[in-house]
$ cat query.txt   # compact mmCIF, C-alpha atoms and all ligand atoms
# COMPACT_ATOMS: atom_id res chain seq x y z
CA MET E 2 0.00 0.00 0.00
CA ASP E 3 1.37 3.45 -0.85
CA ASP E 4 1.43 6.27 1.71
CA ASN E 5 -1.75 7.95 0.44
CA SER E 6 -3.75 4.72 0.54
CA THR E 7 -2.41 3.98 4.03
CA LEU E 8 -3.43 7.46 5.22
CA GLU E 9 -6.85 7.03 3.63
CA LYS E 10 -7.26 3.73 5.48
CA ILE E 11 -6.19 5.29 8.78
CA GLU E 12 -8.64 8.15 8.25
CA SER E 13 -11.48 5.72 7.55
CA CYS E 14 -11.46 4.83 11.28
CA VAL E 15 -14.80 5.93 12.74
CA ASP E 16 -13.55 5.75 16.34
CA CYS E 17 -16.09 3.07 17.26
CA LYS E 18 -13.44 1.51 19.53
CA SER E 19 -14.69 -2.05 18.95
CA CYS E 20 -11.07 -3.10 18.36
CA MET E 21 -10.05 -2.00 21.87
CA GLU E 22 -11.53 -4.75 24.03
CA VAL E 23 -9.83 -7.58 22.10
CA CYS E 24 -6.37 -6.04 22.38
CA ASP E 25 -4.46 -7.62 25.23
CA THR E 26 -1.79 -4.95 25.46
CA TYR E 27 -4.63 -2.45 26.06
CA ASN E 28 -6.49 -4.81 28.40
CA VAL E 29 -3.52 -5.23 30.70
CA THR E 30 -2.26 -1.62 30.58
CA GLN E 31 -5.50 0.38 30.13
CA ASN E 32 -3.30 2.80 28.22
CA GLU E 33 -4.98 4.08 25.06
CA LEU E 34 -1.59 4.58 23.44
CA GLN E 35 -1.21 0.82 23.71
CA SER E 36 -4.52 0.06 22.00
CA PRO E 37 -5.27 -0.53 18.29
CA ASN E 38 -7.24 2.70 18.03
CA GLY E 39 -4.55 4.69 19.86
CA ARG E 40 -1.82 3.18 17.71
CA LEU E 41 -3.71 4.13 14.54
CA LYS E 42 -3.72 7.73 15.79
CA ILE E 43 0.04 7.53 16.35
CA ALA E 44 0.43 6.04 12.86
CA HIS E 45 -1.50 9.02 11.48
CA LYS E 46 1.03 11.36 13.09
CA ILE E 47 3.92 9.34 11.68
CA TYR E 48 2.43 9.39 8.19
CA THR E 49 1.72 13.14 8.32
CA ASN E 50 5.18 13.93 9.71
CA GLU E 51 3.89 15.22 13.03
CA GLU E 52 6.21 14.91 15.98
CA ILE E 53 5.53 11.96 18.29
CA SER E 54 6.33 11.62 22.00
CA GLN E 55 8.38 8.87 23.66
CA GLU E 56 5.14 7.39 25.04
CA GLU E 57 3.70 7.26 21.54
CA LEU E 58 6.87 5.61 20.24
CA GLN E 59 6.52 3.05 23.04
CA GLY E 60 2.88 2.55 21.99
CA ILE E 61 3.98 1.44 18.52
CA TYR E 62 6.69 -0.93 19.79
CA THR E 63 4.52 -2.60 22.43
CA CYS E 64 2.17 -3.96 19.77
CA THR E 65 2.66 -7.72 19.42
CA LEU E 66 1.44 -7.50 15.80
CA CYS E 67 -0.89 -10.37 16.74
CA GLY E 68 -3.50 -9.16 14.24
CA LEU E 69 -6.49 -9.93 16.48
CA CYS E 70 -7.84 -6.37 16.28
CA ASN E 71 -8.09 -6.63 12.48
CA LEU E 72 -10.88 -9.21 12.82
CA PHE E 73 -13.08 -6.82 14.75
CA CYS E 74 -12.72 -3.62 12.74
CA GLU E 75 -16.00 -2.77 11.03
CA GLN E 76 -14.11 -0.52 8.61
CA ASN E 77 -11.96 -3.45 7.56
CA ILE E 78 -8.73 -1.68 8.50
CA ASP E 79 -5.66 -3.92 8.61
CA ILE E 80 -4.56 -2.26 11.83
CA SER E 81 -1.54 -4.48 12.57
CA GLU E 82 -0.24 -4.04 9.03
CA ILE E 83 -0.46 -0.26 9.43
CA ILE E 84 1.34 -0.45 12.79
CA HIS E 85 4.08 -2.47 11.13
CA SER E 86 4.39 -0.08 8.20
CA SER E 87 4.65 2.77 10.74
CA LYS E 88 7.71 1.00 12.12
CA ILE E 89 9.23 0.99 8.64
CA LYS E 90 8.50 4.73 8.41
CA LEU E 91 10.16 5.30 11.79
CA VAL E 92 13.29 3.57 10.48
CA ASP E 93 13.22 5.81 7.38
CA LYS E 94 13.02 8.85 9.65
CA SER E 95 15.84 7.49 11.88
CA LEU E 96 13.42 7.43 14.84
CA GLY E 97 13.32 3.67 15.14
CA PRO E 98 13.74 0.94 16.05
CA LEU E 99 14.50 1.22 19.78
CA GLU E 100 17.92 0.60 21.31
CA ILE E 101 16.93 -2.91 22.41
CA HIS E 102 15.99 -3.83 18.83
CA ASN E 103 19.29 -2.52 17.50
CA LYS E 104 21.15 -4.55 20.12
CA ILE E 105 19.33 -7.76 19.16
CA ILE E 106 19.73 -7.04 15.43
CA LYS E 107 23.48 -6.55 15.96
CA GLY E 108 23.49 -9.99 17.64
CA ILE E 109 21.73 -11.51 14.61
CA GLU E 110 24.27 -9.96 12.24
CA GLU E 111 27.24 -11.07 14.35
CA SER E 112 26.08 -14.44 15.69
CA ASP E 113 23.20 -15.50 13.45
CA ASN E 114 20.66 -15.60 16.25
CA SER E 115 18.19 -13.31 17.99
CA VAL E 116 18.51 -14.70 21.50
CA ASN E 117 22.10 -13.90 22.41
CA GLY E 118 23.10 -17.53 21.96
CA ASN E 119 26.69 -18.68 21.55
CA PRO E 120 26.90 -19.85 17.89
CA ASN E 121 29.20 -22.69 19.01
CA GLU E 122 26.34 -24.05 21.12
CA ARG E 123 23.75 -23.92 18.36
CA LEU E 124 23.75 -27.69 17.93
CA ASP E 125 23.74 -28.59 21.62
CA TRP E 126 20.17 -29.85 21.23
CA LEU E 127 21.24 -32.60 18.80
CA PRO E 128 20.59 -35.95 20.51
CA LYS E 129 23.86 -37.69 21.39
CA ASN E 130 22.83 -40.98 19.77
CA TYR E 131 22.52 -39.24 16.40
CA ARG E 132 25.42 -36.82 16.69
CA GLU E 133 28.17 -39.09 15.39
CA ASN E 134 26.24 -40.03 12.26
CA GLU E 135 24.92 -36.58 11.39
CA ILE E 136 26.43 -35.42 8.11
CA PHE E 137 24.43 -32.19 7.78
CA GLU E 138 24.53 -30.57 4.31
CA LYS E 139 26.10 -33.69 2.79
CA ARG E 140 22.95 -35.75 3.25
CA GLU E 141 21.06 -36.43 0.00
CA SER E 142 17.76 -34.71 0.68
CA ASP E 143 15.85 -31.68 -0.57
CA THR E 144 14.12 -31.25 2.80
CA LEU E 145 15.58 -29.16 5.57
CA LEU E 146 14.54 -29.24 9.22
CA PHE E 147 15.04 -25.57 10.10
CA LEU E 148 15.10 -25.15 13.87
CA GLY E 149 15.32 -21.39 14.33
CA CYS E 150 16.86 -19.45 17.22
CA MET E 151 14.26 -20.21 19.93
CA SER E 152 14.29 -23.97 19.39
CA SER E 153 18.07 -24.15 18.99
CA PHE E 154 18.99 -22.13 22.06
CA ARG E 155 16.08 -21.57 24.43
CA VAL E 156 13.62 -24.46 24.12
CA LYS E 157 16.05 -27.12 23.01
CA GLU E 158 13.72 -30.06 23.57
CA SER E 159 11.46 -28.63 20.84
CA ALA E 160 14.38 -29.17 18.45
CA SER E 161 15.48 -32.57 19.74
CA ALA E 162 11.95 -34.02 19.97
CA SER E 163 11.13 -32.81 16.44
CA TYR E 164 14.35 -34.33 15.10
CA GLU E 165 13.57 -37.58 16.94
CA PHE E 166 10.13 -37.81 15.32
CA LEU E 167 11.54 -37.43 11.82
CA LYS E 168 14.18 -40.07 12.50
CA THR E 169 11.60 -42.46 13.98
CA GLY E 170 9.35 -42.00 10.94
CA ASN E 171 12.33 -42.68 8.61
CA TYR E 172 11.86 -39.25 7.08
CA ASN E 173 14.56 -38.19 4.66
CA PHE E 174 15.73 -34.75 5.80
CA LYS E 175 18.83 -32.81 6.63
CA ILE E 176 19.86 -30.10 9.08
CA LEU E 177 22.44 -27.37 8.58
CA GLU E 178 25.64 -27.39 10.55
CA LYS E 179 25.51 -23.60 10.62
CA GLU E 180 21.93 -22.35 10.53
CA PRO E 181 21.07 -18.65 9.98
CA CYS E 182 18.30 -16.63 11.67
CA CYS E 183 15.08 -16.51 9.58
CA GLY E 184 14.98 -12.68 9.90
CA GLU E 185 11.43 -12.35 11.25
CA TYR E 186 12.65 -10.31 14.22
CA ILE E 187 14.28 -7.77 11.94
CA TYR E 188 11.12 -7.54 9.85
CA SER E 189 8.97 -6.99 12.95
CA ALA E 190 11.31 -4.21 14.06
CA GLY E 191 10.64 -2.43 10.76
CA LYS E 192 14.11 -2.69 9.19
CA LEU E 193 12.79 -3.66 5.78
CA GLU E 194 15.95 -3.21 3.70
CA LEU E 195 18.03 -5.36 6.07
CA THR E 196 15.20 -7.91 6.16
CA LYS E 197 15.23 -8.21 2.38
CA GLN E 198 19.00 -8.65 2.38
CA ILE E 199 18.84 -11.42 5.01
CA PHE E 200 15.95 -13.15 3.24
CA LYS E 201 17.95 -13.10 0.01
CA GLU E 202 21.08 -14.49 1.70
CA ASN E 203 19.04 -17.27 3.30
CA PHE E 204 17.45 -18.16 -0.04
CA GLU E 205 20.96 -18.48 -1.50
CA ILE E 206 21.92 -20.89 1.33
CA PHE E 207 18.80 -22.97 0.66
CA LYS E 208 19.45 -23.02 -3.10
CA LYS E 209 23.08 -24.01 -2.57
CA ASN E 210 21.85 -26.98 -0.54
CA GLN E 211 19.16 -27.92 -3.11
CA ILE E 212 16.39 -27.31 -0.59
CA LYS E 213 12.83 -27.54 -1.92
CA ASN E 214 11.02 -28.10 1.39
CA LEU E 215 11.41 -26.56 4.80
CA ILE E 216 10.10 -28.04 8.03
CA VAL E 217 10.00 -25.58 10.91
CA THR E 218 9.29 -25.77 14.62
CA CYS E 219 8.75 -22.06 15.32
CA GLY E 220 5.66 -19.96 14.57
CA GLY E 221 7.87 -16.97 13.73
CA CYS E 222 9.93 -18.95 11.19
CA LEU E 223 6.72 -20.39 9.72
CA TYR E 224 5.20 -16.93 9.34
CA ALA E 225 8.41 -15.64 7.75
CA PHE E 226 8.91 -18.48 5.24
CA ASN E 227 5.20 -18.87 4.47
CA SER E 228 4.01 -15.29 4.31
CA LEU E 229 7.00 -12.93 4.01
CA TYR E 230 9.66 -14.64 1.86
CA PRO E 231 7.24 -15.13 -1.09
CA LYS E 232 6.50 -11.39 -0.95
CA TYR E 233 10.08 -10.14 -0.72
CA VAL E 234 12.30 -12.76 -2.35
CA GLU E 235 12.32 -13.00 -6.12
CA GLY E 236 11.98 -16.56 -7.35
CA TRP E 237 11.08 -17.99 -3.92
CA ASN E 238 9.88 -21.53 -4.62
CA ILE E 239 10.32 -23.40 -1.35
CA ASN E 240 7.44 -25.19 0.38
CA VAL E 241 7.19 -24.80 4.12
CA LYS E 242 5.46 -26.97 6.68
CA HIS E 243 5.25 -26.95 10.44
CA ILE E 244 6.68 -30.08 12.11
CA ILE E 245 3.23 -30.89 13.46
CA GLU E 246 1.86 -31.23 9.91
CA ILE E 247 4.61 -33.75 9.15
CA ILE E 248 3.99 -35.72 12.35
CA ASP E 249 0.28 -35.79 11.48
CA GLU E 250 1.17 -37.22 8.04
CA LEU E 251 3.48 -39.83 9.64
CA GLU E 252 0.74 -40.86 12.05
CA LYS E 253 -1.95 -41.04 9.36
CA SER E 254 0.27 -43.24 7.21
CA ASP E 255 0.90 -45.56 10.20
CA LYS E 256 4.61 -44.79 10.35
CA ILE E 257 4.29 -43.79 14.00
CA LYS E 258 1.69 -44.54 16.67
CA PHE E 259 0.67 -42.94 19.94
CA LYS E 260 -0.51 -44.35 23.22
CA LYS E 261 -2.87 -42.32 25.38
CA LEU E 262 -1.28 -40.61 28.35
CA MET E 263 -3.80 -40.23 31.18
CA ARG E 264 -3.21 -36.48 31.41
CA GLU E 265 -5.48 -33.54 30.62
CA ILE E 266 -3.81 -30.72 28.83
CA THR E 267 -4.69 -27.27 27.44
CA TYR E 268 -3.67 -26.36 23.92
CA HIS E 269 -2.83 -22.81 22.94
CA ASP E 270 -2.86 -21.81 19.25
CA PRO E 271 0.10 -19.52 18.50
CA CYS E 272 -1.06 -16.55 16.39
CA ARG E 273 1.72 -17.29 13.90
CA THR E 274 0.49 -20.82 13.16
CA GLY E 275 -2.98 -19.56 12.28
CA ARG E 276 -4.36 -16.07 12.03
CA LYS E 277 -1.06 -14.54 10.90
CA LEU E 278 -0.46 -17.07 8.13
CA LYS E 279 -1.41 -16.41 4.54
CA ASN E 280 -3.92 -18.83 3.00
CA ARG E 281 -3.64 -21.53 5.65
CA THR E 282 -4.11 -22.38 9.32
CA ILE E 283 -2.75 -25.19 11.47
CA TYR E 284 -5.58 -25.88 13.88
CA LYS E 285 -6.68 -29.43 13.13
CA GLU E 286 -3.38 -31.33 13.14
CA PRO E 287 -2.24 -30.45 16.69
CA ARG E 288 -5.69 -31.25 18.10
CA ASP E 289 -5.96 -34.57 16.21
CA LEU E 290 -2.59 -35.66 17.57
CA LEU E 291 -3.08 -34.38 21.11
CA GLU E 292 -6.47 -36.11 21.33
CA LYS E 293 -4.72 -39.40 20.59
CA ALA E 294 -1.94 -38.72 23.08
CA SER E 295 -3.82 -37.26 26.08
CA SER E 296 -6.98 -38.01 28.05
CA LYS E 297 -8.53 -34.61 27.23
CA VAL E 298 -7.59 -31.54 25.21
CA ASN E 299 -8.95 -28.39 26.84
CA GLU E 300 -9.39 -25.15 24.94
CA LEU E 301 -8.94 -21.52 25.91
CA SER E 302 -12.17 -19.49 25.72
CA ASN E 303 -10.72 -17.83 22.61
CA ASN E 304 -8.93 -20.15 20.27
CA ARG E 305 -8.11 -20.90 16.65
CA ASN E 306 -8.55 -17.69 14.64
CA GLU E 307 -9.35 -15.67 17.76
CA THR E 308 -6.48 -16.99 19.85
CA PRO E 309 -4.74 -14.46 22.10
CA CYS E 310 -1.05 -13.74 21.58
CA CYS E 311 1.01 -15.41 24.34
CA GLY E 312 2.35 -11.94 25.14
CA ALA E 313 5.74 -12.23 23.49
CA GLY E 314 5.14 -11.48 19.82
CA SER E 315 7.16 -8.99 17.83
CA GLY E 316 9.95 -8.41 20.33
CA ILE E 317 7.67 -6.90 23.01
CA ARG E 318 9.46 -8.76 25.83
CA GLY E 319 12.55 -6.65 25.27
CA VAL E 320 10.54 -3.42 25.16
CA ASP E 321 8.31 -3.98 28.20
CA SER E 322 8.38 -7.44 29.73
CA THR E 323 5.76 -6.46 32.35
CA ILE E 324 3.16 -6.47 29.55
CA SER E 325 4.24 -9.98 28.47
CA ILE E 326 3.92 -11.19 32.07
CA LYS E 327 0.48 -9.62 32.51
CA ILE E 328 -0.83 -11.08 29.24
CA GLY E 329 0.55 -14.52 30.13
CA THR E 330 -0.92 -14.29 33.65
CA LYS E 331 -4.35 -13.43 32.20
CA ILE E 332 -4.17 -16.57 30.05
CA PHE E 333 -3.00 -18.72 32.98
CA GLN E 334 -6.04 -17.60 34.99
CA GLU E 335 -8.37 -19.44 32.68
CA VAL E 336 -6.24 -22.58 32.27
CA LYS E 337 -7.55 -25.39 34.50
CA THR E 338 -4.90 -27.99 33.69
CA LYS E 339 -1.34 -28.19 34.94
CA GLU E 340 0.07 -28.70 31.46
CA ILE E 341 -0.14 -26.11 28.68
CA ILE E 342 0.97 -27.14 25.19
CA SER E 343 1.95 -24.85 22.34
CA SER E 344 3.30 -25.30 18.81
CA CYS E 345 5.63 -22.33 19.08
CA PRO E 346 8.83 -22.29 21.16
CA LEU E 347 8.47 -18.53 21.73
CA CYS E 348 5.06 -19.07 23.41
CA VAL E 349 6.60 -21.87 25.50
CA PHE E 350 9.50 -19.63 26.49
CA ASN E 351 7.24 -16.73 27.46
CA TYR E 352 4.83 -18.91 29.43
CA ARG E 353 7.75 -20.43 31.34
CA TYR E 354 8.92 -16.91 32.15
CA VAL E 355 5.40 -16.01 33.34
CA ASN E 356 5.31 -19.21 35.37
CA TYR E 357 8.57 -18.32 37.08
CA LYS E 358 7.67 -14.66 37.65
CA THR E 359 4.24 -15.43 39.08
CA GLN E 360 5.41 -18.54 40.97
CA SER E 361 2.69 -20.61 39.27
CA ASP E 362 2.84 -24.38 39.05
CA LYS E 363 2.12 -24.77 35.35
CA GLU E 364 4.14 -27.07 33.15
CA ILE E 365 4.58 -25.63 29.69
CA LYS E 366 5.57 -27.96 26.91
CA TYR E 367 6.34 -27.69 23.24
CA ILE E 368 3.98 -29.98 21.36
CA THR E 369 6.55 -32.46 19.99
CA ASP E 370 8.09 -32.80 23.44
CA PHE E 371 4.70 -33.80 24.87
CA LEU E 372 3.90 -36.10 21.95
CA LEU E 373 7.27 -37.83 22.24
CA GLU E 374 6.25 -39.11 25.68
CA ALA E 375 3.21 -40.73 24.07
CA LEU E 376 5.07 -42.25 21.13
CA GLU E 377 4.73 -46.04 20.99
CA SER E 378 8.13 -47.67 21.16
CA LYS E 379 9.89 -47.78 17.81
S1 LIG Y 1 -2.05 -6.31 16.63
FE1 LIG Y 1 -2.59 -7.23 18.64
S2 LIG Y 1 -1.37 -6.07 20.16
FE2 LIG Y 1 -1.34 -4.88 18.22
S3 LIG Y 1 -3.02 -3.44 18.43
FE3 LIG Y 1 -3.86 -5.23 17.39
S4 LIG Y 1 -4.70 -6.55 19.04
FE4 LIG Y 1 -3.35 -5.02 20.00
S1 LIG Y 2 -12.61 -1.00 15.10
FE1 LIG Y 2 -11.71 -0.01 13.27
S2 LIG Y 2 -13.05 1.78 12.96
FE2 LIG Y 2 -13.42 1.10 15.05
S3 LIG Y 2 -11.96 2.27 16.32
FE3 LIG Y 2 -10.96 0.34 15.80
S4 LIG Y 2 -9.78 0.85 13.98
FE4 LIG Y 2 -11.32 2.46 14.18
$ encode --input "query.txt" --output "structure tokens"
Amino acid sequence: MDDNSTLEKIESCVDCKSCMEVCDTYNVTQNELQSPNGRLKIAHKIYTNEEISQEELQGIYTCTLCGLCNLFCEQNIDISEIIHSSKIKLVDKSLGPLEIHNKIIKGIEESDNSVNGNPNERLDWLPKNYRENEIFEKRESDTLLFLGCMSSFRVKESASASYEFLKTGNYNFKILEKEPCCGEYIYSAGKLELTKQIFKENFEIFKKNQIKNLIVTCGGCLYAFNSLYPKYVEGWNINVKHIIEIIDELEKSDKIKFKKLMREITYHDPCRTGRKLKNRTIYKEPRDLLEKASSKVNELSNNRNETPCCGAGSGIRGVDSTISIKIGTKIFQEVKTKEIISSCPLCVFNYRYVNYKTQSDKEIKYITDFLLEALESK
């Protein structure tokens, strides 16, 4: 959308405020500058070159870009898209991103990851029994299991359990010895030119390794490869699937089997495995599998397309972690089970942080880690 069309869209807002009550950053802060409607007003100032205050700048960067508000706007305004394009404008005006974003982006450029991980420890998740035989890029396969920064460094069992499933199902795939960051963080921070450069470099790596299919564990990587790379990378022709779609295929073709664990769980849909994706959603596969592997799958009151963000999307934890904790706590209050399962390692990481900060007794698991416990012996 060009600037005039964006401004026109912003000005079509009739101030009905129906987007406000669904926005969790507004719900937990009660600060209008941290609401969809308030952020649109800040975007208007950015697009008309009016000066904005520090609080308004904070309002833009505390949006999780979850996209929930878009569903409730009677004027059909793509509010989250406008908030994101305002971030790109702020970069153009040298007013953004914030210092914390620049620090993390520097880490991505220097160490290929967004979580301050030591690149030499990137493969620490690789199960010992497979390590000796892993030949990485040399394996004959056009399918790459791409783990991403969160799975590789922060929720390592999401990487190892996913790898284990593919091995158990005799799936032909490879992993990279030196994996790059997908670049979604940089995109969310509004640095579009750098994003395009990183996307292009990553596409070159995939081409060099004859990759035609990507399997990912992270909602952010899925969103990037599914919805952003096709838009920004010329010639992009790589299919992407979430690991849970592959496990569902393995189970349906009888290559793996589950036993029922006598445990009730609650499943949380990450916004980046559903609402944020272009032309697809991954709602059925996790539920089909979890129903086989648990005694009962509980739902949050809002789920699937209306799922709440876990509170960590779009780098908000670095900007104001108290908002992430409050959003997570609000979700915990309606969860009746001890175990919460998610298909995104960032949600798992944030919920564990909330659990620790609020001294709750929840157990938060990445979906393949839970399913692995229910896998019938090989
Ligand atoms: S995208 Fe999500 S966090 Fe941002 S304004 Fe909309 S509902 Fe609020
Ligand atoms: S729902 Fe749409 S029209 Fe109503 S206040 Fe929000 S952005 Fe404006």
$ closest_atom_pairs --input "query.txt" --of "chain E" --to "ligand LIG 1 (chain Y)" --cutoff "7 Å" --atoms "all atoms listed in the file" --output "JSON lines"
{"residue": "E:Val23", "atom": "CA", "partner": "Y:LIG1", "partner_atom": "S4", "distance": 6.1}
{"residue": "E:Cys24", "atom": "CA", "partner": "Y:LIG1", "partner_atom": "S4", "distance": 3.8}
{"residue": "E:Asp25", "atom": "CA", "partner": "Y:LIG1", "partner_atom": "FE4", "distance": 5.9}
{"residue": "E:Thr26", "atom": "CA", "partner": "Y:LIG1", "partner_atom": "S2", "distance": 5.4}
{"residue": "E:Tyr27", "atom": "CA", "partner": "Y:LIG1", "partner_atom": "FE4", "distance": 6.7}
{"residue": "E:Ser36", "atom": "CA", "partner": "Y:LIG1", "partner_atom": "S3", "distance": 5.2}
{"residue": "E:Pro37", "atom": "CA", "partner": "Y:LIG1", "partner_atom": "S3", "distance": 3.7}
{"residue": "E:Arg40", "atom": "CA", "partner": "Y:LIG1", "partner_atom": "S3", "distance": 6.8}
{"residue": "E:Cys64", "atom": "CA", "partner": "Y:LIG1", "partner_atom": "FE2", "distance": 3.9}
{"residue": "E:Thr65", "atom": "CA", "partner": "Y:LIG1", "partner_atom": "S2", "distance": 4.4}
{"residue": "E:Leu66", "atom": "CA", "partner": "Y:LIG1", "partner_atom": "S1", "distance": 3.8}
{"residue": "E:Cys67", "atom": "CA", "partner": "Y:LIG1", "partner_atom": "FE1", "distance": 4.0}
{"residue": "E:Gly68", "atom": "CA", "partner": "Y:LIG1", "partner_atom": "S1", "distance": 4.0}
{"residue": "E:Leu69", "atom": "CA", "partner": "Y:LIG1", "partner_atom": "S4", "distance": 4.6}
{"residue": "E:Cys70", "atom": "CA", "partner": "Y:LIG1", "partner_atom": "S4", "distance": 4.2}
{"residue": "E:Asn71", "atom": "CA", "partner": "Y:LIG1", "partner_atom": "FE3", "distance": 6.6}
{"residue": "E:Ile80", "atom": "CA", "partner": "Y:LIG1", "partner_atom": "FE3", "distance": 6.3}
{"residue": "E:Ser81", "atom": "CA", "partner": "Y:LIG1", "partner_atom": "S1", "distance": 4.5}
$ closest_residue --input "query.txt" --among "E:Ser344, E:Gly39, E:Asn351, E:Lys285" --to "Cys311 of chain E" --atoms "all atoms listed in the file"
E:Asn351
$ axis_aligned_box --input "query.txt" --around "ligand LIG 2 (chain Y)" --padding-each-side "5 Å" --output "AutoDock Vina command-line options"
--center_x -11.6 --center_y 0.7 --center_z 14.6 --size_x 13.6 --size_y 13.5 --size_z 13.4
$ atom_distance --input "query.txt" --atom1 "atom CA of Leu177 of chain E" --atom2 "atom CA of Val241 of chain E"
16.1 Å
$ closest_residue --input "query.txt" --among "E:Thr169, E:Asn210, E:Thr308, E:Thr63" --to "Glu141 of chain E" --atoms "all atoms listed in the file"
E:Asn210
$ closest_residue --input "query.txt" --among "E:Cys74, E:Leu148, E:Ile11, E:Ile244" --to "ligand LIG 2 (chain Y)" --atoms "only C-alpha atoms and all ligand atoms"
E:Cys74
$ residues_near_ligand --input "query.txt" --ligand "ligand LIG 2 (chain Y)" --cutoff "8 Å" --atoms "only C-alpha atoms and all ligand atoms" --output "list in words"
Ile11, Ser13, Cys14, Val15, Asp16, Cys17, Lys18, Ser19, Cys20, Met21, Pro37, Asn38, Leu41, Cys70, Asn71, Phe73, Cys74, Glu75, Gln76, Asn77, Ile78 and Ile80 of chain E
$ atom_distance --input "query.txt" --atom1 "atom CA of His85 of chain E" --atom2 "atom CA of Val29 of chain E"
21.2 Å
$ residues_around --input "query.txt" --residues "Ile109 of chain E" --least-positions-apart "2" --cutoff "12 Å" --atoms "all atoms listed in the file" --output "list in words"
His102, Asn103, Lys104, Ile105, Ile106, Lys107, Glu111, Ser112, Asp113, Asn114, Ser115, Val116, Asn117, Gly118, Asn119, Pro120, Gly149, Cys150, Glu180, Pro181, Cys182, Cys183, Gly184, Glu185, Tyr186, Ile187, Leu195, Thr196 and Ile199 of chain E
$ closest_residue --input "query.txt" --among "E:Glu133, E:Glu292, E:Glu165, E:Asp93" --to "Leu193 of chain E" --atoms "only C-alpha atoms"
E:Asp93
$ atom_distance --input "query.txt" --atom1 "atom CA of His243 of chain E" --atom2 "atom CA of Met2 of chain E"
29.4 Å
$ closest_residue --input "query.txt" --among "E:Asn50, E:Gly97, E:Lys327, E:Val349" --to "Cys219 of chain E" --atoms "only C-alpha atoms"
E:Val349
$ closest_residue --input "query.txt" --among "E:Leu34, E:Ile212, E:Leu376, E:Ile257" --to "Asn238 of chain E" --atoms "all atoms listed in the file"
E:Ile212
$ residues_around --input "query.txt" --residues "Ile341 of chain E" --least-positions-apart "5" --cutoff "10 Å" --atoms "all atoms listed in the file" --output "list of chain:residue names"
E:Glu265, E:Ile266, E:Thr267, E:Tyr268, E:His269, E:Val298, E:Asn299, E:Phe333, E:Val336, E:Val349, E:Tyr352, E:Lys363, E:Glu364, E:Ile365, E:Lys366, E:Tyr367, E:Ile368, E:Phe371
$ residues_around --input "query.txt" --residues "Leu145 of chain E" --least-positions-apart "6" --cutoff "10 Å" --atoms "all atoms listed in the file" --output "PyMOL selection string"
chain E and resi 137-138+173-177+207+210-217+241
$ residues_near_point --input "query.txt" --point "(-8.0, -19.5, 10.0)" --cutoff "7 Å" --atoms "all atoms listed in the file" --output "PyMOL selection string"
chain E and resi 275-276+281-282+305-306
$ residues_near_point --input "query.txt" --point "(10.6, -1.9, 23.6)" --cutoff "8 Å" --atoms "all atoms listed in the file" --output "PyMOL selection string"
chain E and resi 59+62-63+99+101-102+316-321
$ write_last_selection --input "query.txt" --atoms "C-alpha atoms" --output "tab-separated table (two decimals), in the coordinates of the input"
chain	number	residue	atom	x	y	z
E	59	GLN	CA	6.52	3.05	23.04
E	62	TYR	CA	6.69	-0.93	19.79
E	63	THR	CA	4.52	-2.60	22.43
E	99	LEU	CA	14.50	1.22	19.78
E	101	ILE	CA	16.93	-2.91	22.41
E	102	HIS	CA	15.99	-3.83	18.83
E	316	GLY	CA	9.95	-8.41	20.33
E	317	ILE	CA	7.67	-6.90	23.01
E	318	ARG	CA	9.46	-8.76	25.83
E	319	GLY	CA	12.55	-6.65	25.27
E	320	VAL	CA	10.54	-3.42	25.16
E	321	ASP	CA	8.31	-3.98	28.20
